[in-house]
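Single-structure report; data block below.
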Amino acid sequence: MAAPIRLVAAVRPFEGFLVALRAQSQRPSLATQTARSFSQGKPFWKVSNLGKKLLLASSVTLTGVTLATVGQSLWPLWQSVYAGSVVKPEITPSRRVRMDTDNSGLKLTLFQFQTCPFCCKVRALLDYYGFSYDIVEVNSVTKKQINWSKYKKVPILTADGIGEDGFLQLNDSSVIMSILESWRHNPQQSLEKYLECYVCIESEEKGKKVYDFPNRYFIMFFDRTNLPTTVEQRQEERKWRKWTDDHLVHMLSPNVYRTPSEALQAFNYFSKVGEWEQNFSTVERLVVIYTGAAVMYVLGKLLRKKYNLKDDVRESLYEACSDWVKAVGKKRMFMGGDQPNLADLSVYGVLNSIEGCQAFQDARNNTNIDVWYKRMQTAVKSHAGAHPLQKTA
């Protein structure tokens, strides 16, 4: 077993902190790990009650950094969700997205559900910045396309030709977006180096494995000082990315599956845009459509209560859309200013997942979300962030 990780250095640069962790691990890439994130006068992250796996508490202030690590090595946690000694089978892509503007040199494959809001977030970023990538549509019932992975959620993004297994596996939509954005600012650093900055903490809740990436919303700039955004802009971006995952996404299911007919309409829409007829057998497709619609109709009712949505769930959706429009304001085209930032791409991705459903049509008709949404739609579909790609360093 690898030795427990210990803190060997902690220094505070101009804005945040620099932490170096060293472990006596058989994996060279984890022997020395350097991570940097940016915070301003408030806790960076705090995790407790993680059972036997790990107890980790950390706080960051303007005057310094404290870190305590108790328990087993982080290595078993890393190994459990990041492909270590795993063979990824050759899978024929459901479709290929190719961009003439892509000079990244990355060979990316996205394992996804077409209308999963978290998958849509990742696609929004890939399309906006003009990355080429393959798509593997995953059967939402059997998930046989990701049987090779210990991490059983989507999206999963793999980069071929990197790492000791011949590919690098990136999990969690927000982590994927942060890693690609970090790499975009400094492509001289490898994706593998950036991945090491996003430690995964595994725990169990009611017998179910739960994965947490405490700094998933932070962009890693390492020692760069001429940053393209201010502290306040980065804080705002992180705040609304988290809001998207913790609040906005929970508006979807109760609204999309509000009635049996809406649930069935939604799944037929998902089948069309996901090209299920081409990707799955007739039996598989019909099982997913009718079973899925019935299950999600019931689940939508349970989620309404769990997340305290209003009796008329449309009101909660309208309120969330209005909160976002108010946050962007009237003086900015996007939260990122003249160009979208990761918060814009996250909100757009989540809403884009239900674009063809009645719920979102109602939101467009009853809130002011449509003006911003159309701007985002144009920016993403025109690959506006790819002109030129990776030139912000």
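Here, A, B, ... name the chains of the structure tokens in the order displayed, residue numbers run from 1 inside each chain, and ligands are numbered from 1 in the same displayed order.
Residues within 12 Å of Thr92 in chain A, counting only C-alpha atoms and excluding same-chain residues fewer than 3 positions away, are Pro89, Arg95, Arg96, Thr109, Phe111, Asp134, Ile135, Val136, Glu137, Val138, Gln145 and Asn279 of chain A.
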All heavy atoms of the current selection, written as a compact mmCIF listing (two decimals), in the first residue's frame:
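The resulting again_29.txt:
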# COMPACT_ATOMS: atom_id res chain seq x y z
N PRO A 89 -11.74 -0.65 -24.61
CA PRO A 89 -11.95 -1.37 -25.87
C PRO A 89 -12.15 -0.41 -27.03
O PRO A 89 -12.51 0.76 -26.85
CB PRO A 89 -13.23 -2.16 -25.59
CG PRO A 89 -13.96 -1.37 -24.56
CD PRO A 89 -12.89 -0.77 -23.69
N ARG A 95 -20.89 9.09 -33.70
CA ARG A 95 -20.64 10.10 -34.73
C ARG A 95 -19.34 10.82 -34.40
O ARG A 95 -18.82 10.75 -33.30
CB ARG A 95 -21.80 11.09 -34.85
CG ARG A 95 -22.08 11.95 -33.65
CD ARG A 95 -23.28 12.85 -33.93
NE ARG A 95 -23.59 13.74 -32.82
CZ ARG A 95 -24.31 13.41 -31.77
NH1 ARG A 95 -24.81 12.19 -31.67
NH2 ARG A 95 -24.55 14.29 -30.81
N ARG A 96 -18.83 11.53 -35.38
CA ARG A 96 -17.58 12.25 -35.24
C ARG A 96 -17.80 13.73 -35.51
O ARG A 96 -18.48 14.09 -36.48
CB ARG A 96 -16.51 11.69 -36.19
CG ARG A 96 -16.06 10.28 -35.85
CD ARG A 96 -15.01 9.79 -36.85
NE ARG A 96 -14.37 8.56 -36.39
CZ ARG A 96 -14.81 7.34 -36.66
NH1 ARG A 96 -15.92 7.20 -37.40
NH2 ARG A 96 -14.18 6.28 -36.21
N THR A 109 -12.62 11.57 -27.04
CA THR A 109 -13.86 10.81 -27.21
C THR A 109 -14.76 11.10 -26.03
O THR A 109 -14.34 10.99 -24.87
CB THR A 109 -13.59 9.30 -27.28
OG1 THR A 109 -12.72 9.02 -28.39
CG2 THR A 109 -14.89 8.53 -27.47
N PHE A 111 -18.04 10.04 -24.00
CA PHE A 111 -19.06 9.04 -23.71
C PHE A 111 -20.21 9.77 -23.02
O PHE A 111 -20.01 10.40 -21.98
CB PHE A 111 -18.49 7.95 -22.80
CG PHE A 111 -17.43 7.11 -23.46
CD1 PHE A 111 -16.12 7.56 -23.57
CD2 PHE A 111 -17.74 5.87 -23.99
CE1 PHE A 111 -15.15 6.79 -24.19
CE2 PHE A 111 -16.77 5.08 -24.61
CZ PHE A 111 -15.47 5.55 -24.71
N ASP A 134 -14.83 12.60 -30.95
CA ASP A 134 -15.76 11.53 -31.27
C ASP A 134 -16.81 11.43 -30.17
O ASP A 134 -16.54 11.78 -29.02
CB ASP A 134 -15.03 10.18 -31.39
CG ASP A 134 -14.13 10.11 -32.61
OD1 ASP A 134 -14.30 10.93 -33.53
OD2 ASP A 134 -13.23 9.25 -32.62
N ILE A 135 -17.98 10.93 -30.53
CA ILE A 135 -19.06 10.75 -29.56
C ILE A 135 -19.46 9.28 -29.52
O ILE A 135 -19.67 8.66 -30.57
CB ILE A 135 -20.29 11.61 -29.92
CG1 ILE A 135 -19.99 13.10 -29.74
CG2 ILE A 135 -21.51 11.20 -29.10
CD1 ILE A 135 -21.10 14.02 -30.19
N VAL A 136 -19.53 8.72 -28.33
CA VAL A 136 -20.09 7.38 -28.13
C VAL A 136 -21.36 7.55 -27.30
O VAL A 136 -21.31 8.00 -26.16
CB VAL A 136 -19.10 6.45 -27.40
CG1 VAL A 136 -19.78 5.11 -27.08
CG2 VAL A 136 -17.86 6.22 -28.25
N GLU A 137 -22.49 7.24 -27.93
CA GLU A 137 -23.77 7.34 -27.23
C GLU A 137 -23.93 6.13 -26.33
O GLU A 137 -23.82 4.99 -26.78
CB GLU A 137 -24.92 7.42 -28.23
CG GLU A 137 -26.23 7.86 -27.63
CD GLU A 137 -26.22 9.31 -27.17
OE1 GLU A 137 -25.40 10.11 -27.67
OE2 GLU A 137 -27.05 9.64 -26.30
N VAL A 138 -24.16 6.37 -25.05
CA VAL A 138 -24.25 5.31 -24.06
C VAL A 138 -25.71 4.94 -23.83
O VAL A 138 -26.57 5.82 -23.71
CB VAL A 138 -23.60 5.75 -22.73
CG1 VAL A 138 -23.77 4.68 -21.65
CG2 VAL A 138 -22.11 6.07 -22.94
N GLN A 145 -21.60 0.53 -22.96
CA GLN A 145 -20.50 1.22 -23.63
C GLN A 145 -19.44 1.72 -22.65
O GLN A 145 -18.34 2.08 -23.06
CB GLN A 145 -21.03 2.41 -24.45
CG GLN A 145 -21.87 2.01 -25.66
CD GLN A 145 -23.31 1.68 -25.30
OE1 GLN A 145 -23.74 1.81 -24.15
NE2 GLN A 145 -24.09 1.25 -26.29
N ASN A 279 -28.28 4.02 -33.17
CA ASN A 279 -27.32 3.58 -32.17
C ASN A 279 -27.78 2.37 -31.36
O ASN A 279 -26.94 1.66 -30.80
CB ASN A 279 -27.00 4.73 -31.22
CG ASN A 279 -26.31 5.89 -31.92
OD1 ASN A 279 -25.42 5.67 -32.74
ND2 ASN A 279 -26.73 7.12 -31.62
Spatial neighbours of Phe334 in chain A, 8 Å, only C-alpha atoms, chain gap at least 6 places, as a ChimeraX atom specification: /A:328,340-341,344,372
Take the selection from the previous step and output its residues with C-alpha atoms, as a PDB file, in the first residue's frame.
ATOM      1  CA  VAL A 328     -25.743  38.647 -16.354  1.00  0.00           C
ATOM      2  CA  PRO A 340     -18.929  33.552 -22.811  1.00  0.00           C
ATOM      3  CA  ASN A 341     -17.109  32.174 -19.782  1.00  0.00           C
ATOM      4  CA  ASP A 344     -22.280  30.910 -19.562  1.00  0.00           C
ATOM      5  CA  TRP A 372     -29.095  35.579 -23.901  1.00  0.00           C
TER       6      TRP A 372
END
Which residues are close to range 258-273 of chain A, i.e. within 6 Å by only C-alpha atoms, leaving aside same-chain residues fewer than 5 positions away? Reply as a compact mmCIF listing (two decimals) with N, CA and C atoms, in the first residue's frame.
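Final output, saved to part17.txt:
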# COMPACT_ATOMS: atom_id res chain seq x y z
N ILE A 289 -37.51 4.41 -24.12
CA ILE A 289 -38.51 5.47 -24.28
C ILE A 289 -39.68 5.28 -23.30
N ALA A 293 -39.83 7.05 -19.69
CA ALA A 293 -40.87 8.07 -19.50
C ALA A 293 -41.68 7.80 -18.24
N CYS A 357 -38.07 20.46 -25.53
CA CYS A 357 -39.17 20.08 -24.63
C CYS A 357 -40.08 21.27 -24.36
As an exercise, work out the distance from CA of Leu252 in chain A to CA of Val350 in chain A in Å and give it to one decimal place. 8.5 Å
Which residues are close to Leu248 in chain A, i.e. within 9 Å by only C-alpha atoms, leaving aside same-chain residues fewer than 5 positions away? Reply as an NGL selection string. :A and (243 or 317 or 320-321 or 347 or 350-351)
Ala159 in chain A environment, 7 Å, only C-alpha atoms, sequence neighbours closer than 6 positions dropped, as a PyMOL selection string: chain A and resi 106-109+167-169
Please write the residues from the selection above to a file, keeping N, CA and C atoms, as a tab-separated table (two decimals), in the first residue's frame.
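Written output follows (part.tsv):
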chain	number	residue	atom	x	y	z
A	106	LEU	N	-5.29	17.01	-29.73
A	106	LEU	CA	-5.93	16.08	-28.81
A	106	LEU	C	-6.88	15.15	-29.57
A	107	LYS	N	-6.85	13.88	-29.20
A	107	LYS	CA	-7.79	12.91	-29.77
A	107	LYS	C	-8.80	12.56	-28.69
A	108	LEU	N	-9.94	13.22	-28.73
A	108	LEU	CA	-10.92	13.17	-27.65
A	108	LEU	C	-12.12	12.31	-28.03
A	109	THR	N	-12.62	11.57	-27.04
A	109	THR	CA	-13.86	10.81	-27.21
A	109	THR	C	-14.76	11.10	-26.03
A	167	PHE	N	-4.28	6.15	-22.71
A	167	PHE	CA	-5.36	7.14	-22.76
A	167	PHE	C	-5.53	7.74	-21.38
A	168	LEU	N	-6.10	8.92	-21.35
A	168	LEU	CA	-6.39	9.62	-20.10
A	168	LEU	C	-7.89	9.74	-19.97
A	169	GLN	N	-8.41	9.41	-18.79
A	169	GLN	CA	-9.85	9.45	-18.56
A	169	GLN	C	-10.18	10.63	-17.65
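What separates CA of Cys197 in chain A from CA of Ile156 in chain A is a distance of 17.6 Å.
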Out of range 192-329 of chain A, which residues get helix (DSSP H, G or I) from DSSP, as a short mmCIF file (atom, residue, chain, number, x, y, z; two decimals) with C-alpha atoms, in the first residue's frame?
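The file below, selection_9.cif, is the result:
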data_model
loop_
_atom_site.label_atom_id
_atom_site.label_comp_id
_atom_site.auth_asym_id
_atom_site.auth_seq_id
_atom_site.Cartn_x
_atom_site.Cartn_y
_atom_site.Cartn_z
CA GLU A 192 -2.20 14.63 -17.20
CA LYS A 193 -0.53 17.38 -15.18
CA TYR A 194 -3.79 19.30 -14.91
CA LEU A 195 -5.72 16.16 -13.98
CA VAL A 231 -10.29 37.92 -8.90
CA GLU A 232 -13.89 39.13 -8.79
CA GLN A 233 -14.64 37.76 -12.26
CA ARG A 234 -13.26 34.34 -11.35
CA GLN A 235 -15.25 34.29 -8.11
CA GLU A 236 -18.44 35.18 -10.00
CA GLU A 237 -17.77 32.50 -12.60
CA ARG A 238 -17.24 29.82 -9.93
CA LYS A 239 -20.33 30.92 -8.00
CA TRP A 240 -22.64 30.54 -10.99
CA ARG A 241 -21.05 27.33 -12.22
CA LYS A 242 -21.81 25.85 -8.82
CA TRP A 243 -25.34 27.32 -8.93
CA THR A 244 -25.86 25.58 -12.25
CA ASP A 245 -24.95 22.17 -10.79
CA ASP A 246 -26.59 22.65 -7.40
CA LEU A 248 -30.58 25.01 -12.05
CA VAL A 249 -30.15 21.38 -13.05
CA HIS A 250 -32.71 20.33 -10.43
CA MET A 251 -35.37 22.39 -12.18
CA LEU A 252 -35.26 20.14 -15.22
CA SER A 253 -36.75 16.75 -14.35
CA PRO A 254 -39.83 18.00 -12.46
CA ASN A 255 -40.60 20.30 -15.39
CA VAL A 256 -39.72 18.08 -18.34
CA PRO A 260 -47.18 11.60 -18.56
CA SER A 261 -47.64 13.15 -22.00
CA GLU A 262 -44.77 15.60 -21.47
CA ALA A 263 -42.56 12.76 -20.25
CA LEU A 264 -43.28 10.68 -23.34
CA GLN A 265 -42.82 13.70 -25.62
CA ALA A 266 -39.46 14.37 -23.96
CA PHE A 267 -38.19 10.83 -24.48
CA ASN A 268 -39.27 10.81 -28.11
CA TYR A 269 -37.34 14.07 -28.52
CA PHE A 270 -34.32 12.49 -26.81
CA SER A 271 -34.56 9.53 -29.20
CA LYS A 272 -34.60 11.83 -32.21
CA VAL A 273 -31.68 14.08 -31.25
CA TRP A 276 -31.28 6.15 -31.00
CA GLU A 277 -32.62 4.41 -34.10
CA GLN A 278 -29.07 4.29 -35.47
CA ASN A 279 -27.32 3.58 -32.17
CA THR A 282 -35.53 -1.31 -31.83
CA VAL A 283 -36.21 -3.20 -28.61
CA GLU A 284 -33.58 -1.24 -26.68
CA ARG A 285 -34.92 2.06 -27.99
CA LEU A 286 -38.56 1.33 -27.16
CA VAL A 287 -37.67 0.02 -23.70
CA VAL A 288 -35.75 3.20 -22.94
CA ILE A 289 -38.51 5.47 -24.28
CA TYR A 290 -41.51 3.92 -22.53
CA THR A 291 -39.84 2.64 -19.39
CA GLY A 292 -37.84 5.82 -19.08
CA ALA A 293 -40.87 8.07 -19.50
CA ALA A 294 -42.84 6.18 -16.84
CA VAL A 295 -39.97 6.08 -14.35
CA MET A 296 -39.02 9.73 -14.84
CA TYR A 297 -42.61 10.90 -14.46
CA VAL A 298 -42.66 9.34 -10.98
CA LEU A 299 -39.13 10.49 -10.20
CA GLY A 300 -39.99 14.04 -11.22
CA LYS A 301 -42.63 14.17 -8.50
CA LEU A 302 -40.14 12.94 -5.91
CA LEU A 303 -37.52 15.44 -7.03
CA ARG A 304 -39.99 18.30 -6.78
CA LYS A 305 -40.38 17.54 -3.08
CA LYS A 306 -36.68 16.84 -2.52
CA VAL A 313 -42.93 23.64 -11.02
CA ARG A 314 -42.91 26.00 -13.98
CA GLU A 315 -42.69 28.91 -11.54
CA SER A 316 -39.46 27.50 -10.11
CA LEU A 317 -38.00 27.13 -13.60
CA TYR A 318 -39.01 30.67 -14.53
CA GLU A 319 -37.50 32.00 -11.32
CA ALA A 320 -34.18 30.27 -11.98
CA CYS A 321 -34.04 31.62 -15.54
CA SER A 322 -34.82 35.12 -14.28
CA ASP A 323 -32.12 34.88 -11.61
CA TRP A 324 -29.56 34.06 -14.28
CA VAL A 325 -30.67 36.87 -16.60
CA LYS A 326 -30.48 39.31 -13.68
CA ALA A 327 -26.96 38.10 -12.80
CA VAL A 328 -25.74 38.65 -16.35
#
